[in-house]
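See below for data22.txt, which holds compact mmCIF, N, CA, C and O atoms.
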# COMPACT_ATOMS: atom_id res chain seq x y z
N MET A 208 0.84 -1.20 0.00
CA MET A 208 0.00 0.00 0.00
C MET A 208 0.88 1.26 0.00
O MET A 208 0.66 2.16 -0.81
N VAL A 209 1.87 1.29 0.90
CA VAL A 209 2.75 2.45 0.97
C VAL A 209 3.57 2.57 -0.31
O VAL A 209 3.78 3.66 -0.83
N GLY A 210 3.99 1.42 -0.85
CA GLY A 210 4.78 1.42 -2.09
C GLY A 210 4.00 2.02 -3.25
O GLY A 210 4.54 2.78 -4.04
N ALA A 211 2.72 1.66 -3.32
CA ALA A 211 1.88 2.18 -4.40
C ALA A 211 1.74 3.70 -4.27
O ALA A 211 1.79 4.43 -5.26
N LEU A 212 1.59 4.17 -3.04
CA LEU A 212 1.45 5.60 -2.79
C LEU A 212 2.73 6.33 -3.20
O LEU A 212 2.69 7.38 -3.84
N VAL A 213 3.86 5.75 -2.82
CA VAL A 213 5.15 6.35 -3.17
C VAL A 213 5.33 6.39 -4.68
O VAL A 213 5.79 7.40 -5.25
N LEU A 214 4.94 5.30 -5.37
CA LEU A 214 5.03 5.26 -6.82
C LEU A 214 4.15 6.32 -7.45
O LEU A 214 4.55 7.01 -8.38
N PHE A 215 2.93 6.44 -6.91
CA PHE A 215 1.99 7.44 -7.44
C PHE A 215 2.54 8.84 -7.27
O PHE A 215 2.51 9.65 -8.19
N LEU A 216 3.08 9.14 -6.08
CA LEU A 216 3.65 10.46 -5.81
C LEU A 216 4.86 10.71 -6.72
O LEU A 216 5.04 11.82 -7.22
N GLY A 217 5.65 9.68 -6.92
CA GLY A 217 6.83 9.81 -7.79
C GLY A 217 6.42 10.12 -9.21
O GLY A 217 7.01 10.99 -9.87
N ALA A 218 5.38 9.43 -9.69
CA ALA A 218 4.89 9.67 -11.05
C ALA A 218 4.34 11.09 -11.17
O ALA A 218 4.56 11.77 -12.17
N LEU A 219 3.63 11.52 -10.13
CA LEU A 219 3.06 12.87 -10.13
C LEU A 219 4.17 13.92 -10.17
O LEU A 219 4.10 14.88 -10.94
N LEU A 220 5.20 13.70 -9.35
CA LEU A 220 6.34 14.63 -9.32
C LEU A 220 7.05 14.66 -10.68
O LEU A 220 7.45 15.71 -11.16
N ALA A 221 7.20 13.49 -11.29
CA ALA A 221 7.86 13.41 -12.60
C ALA A 221 7.04 14.18 -13.63
O ALA A 221 7.60 14.91 -14.45
N LEU A 222 5.72 14.02 -13.58
CA LEU A 222 4.84 14.72 -14.51
C LEU A 222 4.96 16.23 -14.33
O LEU A 222 5.08 16.98 -15.31
N VAL A 223 4.95 16.68 -13.08
CA VAL A 223 5.08 18.12 -12.78
C VAL A 223 6.43 18.63 -13.28
O VAL A 223 6.53 19.71 -13.86
N ALA A 224 7.49 17.83 -13.06
CA ALA A 224 8.83 18.23 -13.50
C ALA A 224 8.88 18.36 -15.02
O ALA A 224 9.45 19.32 -15.55
N VAL A 225 8.26 17.43 -15.72
CA VAL A 225 8.23 17.47 -17.19
C VAL A 225 7.47 18.70 -17.67
O VAL A 225 7.90 19.40 -18.59
N LEU A 226 6.33 18.97 -17.02
CA LEU A 226 5.53 20.14 -17.40
C LEU A 226 6.31 21.43 -17.17
O LEU A 226 6.33 22.32 -18.03
N LEU A 227 6.98 21.52 -16.02
CA LEU A 227 7.77 22.71 -15.70
C LEU A 227 8.91 22.88 -16.71
O LEU A 227 9.20 23.99 -17.15
N ALA A 228 9.54 21.77 -17.06
CA ALA A 228 10.64 21.83 -18.03
C ALA A 228 10.12 22.30 -19.39
O ALA A 228 10.76 23.13 -20.05
N ALA A 229 8.95 21.80 -19.79
CA ALA A 229 8.37 22.19 -21.07
C ALA A 229 8.02 23.67 -21.07
O ALA A 229 8.32 24.39 -22.02
N ILE A 230 7.40 24.13 -19.98
CA ILE A 230 7.03 25.54 -19.87
C ILE A 230 8.28 26.42 -19.86
O ILE A 230 8.34 27.45 -20.54
N GLY A 231 9.29 25.98 -19.10
CA GLY A 231 10.55 26.73 -19.04
C GLY A 231 11.21 26.82 -20.40
O GLY A 231 11.67 27.89 -20.81
N GLY A 232 11.24 25.70 -21.12
CA GLY A 232 11.84 25.69 -22.45
C GLY A 232 11.08 26.60 -23.40
O GLY A 232 11.69 27.33 -24.18
N PHE A 233 9.76 26.58 -23.28
CA PHE A 233 8.93 27.43 -24.14
C PHE A 233 9.19 28.91 -23.85
O PHE A 233 9.32 29.72 -24.76
N LEU A 234 9.30 29.24 -22.54
CA LEU A 234 9.56 30.63 -22.15
C LEU A 234 10.93 31.08 -22.64
O LEU A 234 11.09 32.21 -23.11
N ILE A 235 11.92 30.19 -22.53
CA ILE A 235 13.27 30.51 -23.01
C ILE A 235 13.23 30.75 -24.52
O ILE A 235 13.81 31.70 -25.03
N PHE A 236 12.48 29.87 -25.23
CA PHE A 236 12.36 30.02 -26.68
C PHE A 236 11.70 31.35 -27.03
O PHE A 236 12.14 32.06 -27.93
N LEU A 237 10.64 31.70 -26.28
CA LEU A 237 9.95 32.97 -26.50
C LEU A 237 10.89 34.14 -26.28
O LEU A 237 10.92 35.09 -27.07
N GLY A 238 11.66 34.06 -25.19
CA GLY A 238 12.62 35.12 -24.88
C GLY A 238 13.65 35.28 -25.98
O GLY A 238 13.97 36.40 -26.40
N MET A 239 14.15 34.15 -26.47
CA MET A 239 15.15 34.19 -27.55
C MET A 239 14.54 34.82 -28.80
O MET A 239 15.18 35.64 -29.47
N ALA A 240 13.30 34.43 -29.13
CA ALA A 240 12.63 34.95 -30.32
C ALA A 240 12.42 36.46 -30.19
O ALA A 240 12.63 37.21 -31.15
N MET A 241 12.04 36.90 -28.98
CA MET A 241 11.83 38.33 -28.76
C MET A 241 13.14 39.09 -28.89
O MET A 241 13.20 40.17 -29.48
N LEU A 242 14.22 38.52 -28.34
CA LEU A 242 15.54 39.16 -28.43
C LEU A 242 15.97 39.26 -29.89
O LEU A 242 16.45 40.30 -30.34
N ALA A 243 15.78 38.17 -30.63
CA ALA A 243 16.16 38.16 -32.05
C ALA A 243 15.33 39.19 -32.82
O ALA A 243 15.86 39.92 -33.65
N GLY A 244 14.04 39.26 -32.52
CA GLY A 244 13.18 40.23 -33.19
C GLY A 244 13.61 41.65 -32.88
O GLY A 244 13.68 42.49 -33.77
N GLY A 245 13.91 41.92 -31.63
CA GLY A 245 14.36 43.25 -31.23
C GLY A 245 15.67 43.61 -31.90
O GLY A 245 15.85 44.74 -32.37
N ALA A 246 16.60 42.66 -31.95
CA ALA A 246 17.91 42.90 -32.58
C ALA A 246 17.72 43.19 -34.07
O ALA A 246 18.32 44.13 -34.60
N LEU A 247 16.87 42.40 -34.73
CA LEU A 247 16.62 42.61 -36.16
C LEU A 247 16.01 43.98 -36.40
O LEU A 247 16.38 44.69 -37.34
N PHE A 248 15.07 44.36 -35.52
CA PHE A 248 14.42 45.67 -35.66
C PHE A 248 15.45 46.79 -35.54
O PHE A 248 15.48 47.72 -36.35
N LEU A 249 16.34 46.69 -34.53
CA LEU A 249 17.36 47.72 -34.33
C LEU A 249 18.33 47.78 -35.49
O LEU A 249 18.70 48.86 -35.96
N ILE A 250 18.73 46.60 -35.98
CA ILE A 250 19.67 46.55 -37.11
C ILE A 250 19.03 47.18 -38.35
O ILE A 250 19.66 47.97 -39.05
N ARG A 251 17.76 46.84 -38.59
CA ARG A 251 17.08 47.38 -39.76
C ARG A 251 16.96 48.90 -39.66
O ARG A 251 17.16 49.62 -40.64
N ARG A 252 16.64 49.39 -38.44
CA ARG A 252 16.52 50.83 -38.25
C ARG A 252 17.85 51.53 -38.51
O ARG A 252 17.91 52.57 -39.17
N ALA A 253 18.93 50.93 -37.99
CA ALA A 253 20.26 51.52 -38.18
C ALA A 253 20.64 51.52 -39.65
O ALA A 253 21.17 52.51 -40.16
N LEU A 254 20.34 50.42 -40.34
CA LEU A 254 20.67 50.34 -41.77
C LEU A 254 19.90 51.39 -42.57
O LEU A 254 20.45 52.04 -43.46
N ARG A 255 18.63 51.57 -42.21
CA ARG A 255 17.81 52.55 -42.92
C ARG A 255 18.40 53.95 -42.72
O ARG A 255 18.47 54.75 -43.66
N ARG A 256 18.84 54.24 -41.49
CA ARG A 256 19.40 55.55 -41.19
C ARG A 256 20.69 55.77 -41.99
O ARG A 256 20.93 56.84 -42.56
N ILE A 257 21.52 54.73 -42.05
CA ILE A 257 22.79 54.82 -42.79
C ILE A 257 22.51 55.05 -44.28
O ILE A 257 23.13 55.88 -44.93
N LEU A 258 21.54 54.28 -44.82
CA LEU A 258 21.21 54.42 -46.24
C LEU A 258 20.67 55.81 -46.55
O LEU A 258 20.99 56.40 -47.57
N ARG A 259 19.84 56.34 -45.66
CA ARG A 259 19.26 57.65 -45.87
C ARG A 259 20.36 58.71 -45.86
O ARG A 259 20.35 59.66 -46.63
N ARG A 260 21.34 58.52 -44.96
CA ARG A 260 22.44 59.48 -44.86
C ARG A 260 23.28 59.45 -46.14
O ARG A 260 23.75 60.48 -46.62
N ASP A 261 23.45 58.25 -46.72
CA ASP A 261 24.22 58.12 -47.97
C ASP A 261 23.48 58.83 -49.12
O ASP A 261 24.09 59.46 -49.96
N LYS A 262 22.16 58.71 -49.14
CA LYS A 262 21.37 59.34 -50.22
C LYS A 262 21.41 60.87 -50.11
O LYS A 262 21.37 61.56 -51.11
N ALA A 263 21.49 61.38 -48.90
CA ALA A 263 21.47 62.83 -48.67
C ALA A 263 22.72 63.46 -49.27
O ALA A 263 22.66 64.59 -49.75
N HIS A 264 23.82 62.76 -49.27
CA HIS A 264 25.07 63.35 -49.78
C HIS A 264 25.10 63.43 -51.29
O HIS A 264 24.78 62.54 -51.97

Can you present the structure in this file as structure tokens?
Amino acid sequence: MVGALVLFLGALLALVAVLLAAIGGFLIFLGMAMLAGGALFLIRRALRRILRRDKAH
């Protein structure tokens, strides 16, 4: 009886750990995507400014 309870709790803990890992990985992926998007936006803005300055001359 106690063994079954321990097994059940262990399975529950493993499930929670897997869910947390999946959520954490997803959040990390989201963060990376946001960083990449922000970097691309900044690079594009800088390039546009440089190109505009070249055209002005």

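Between CA of Ala221 (chain A) and CA of Ala240 (chain A) there is a distance of 28.3 Å.
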
- So how far away is CA of Leu222 (chain A) from atom N of Leu234 (chain A), in Å? 17.2 Å

- Task: Between CA of Gly245 (chain A) and atom O of Gly232 (chain A), measure the distance and give it in Å to one decimal.
- Result: 17.6 Å
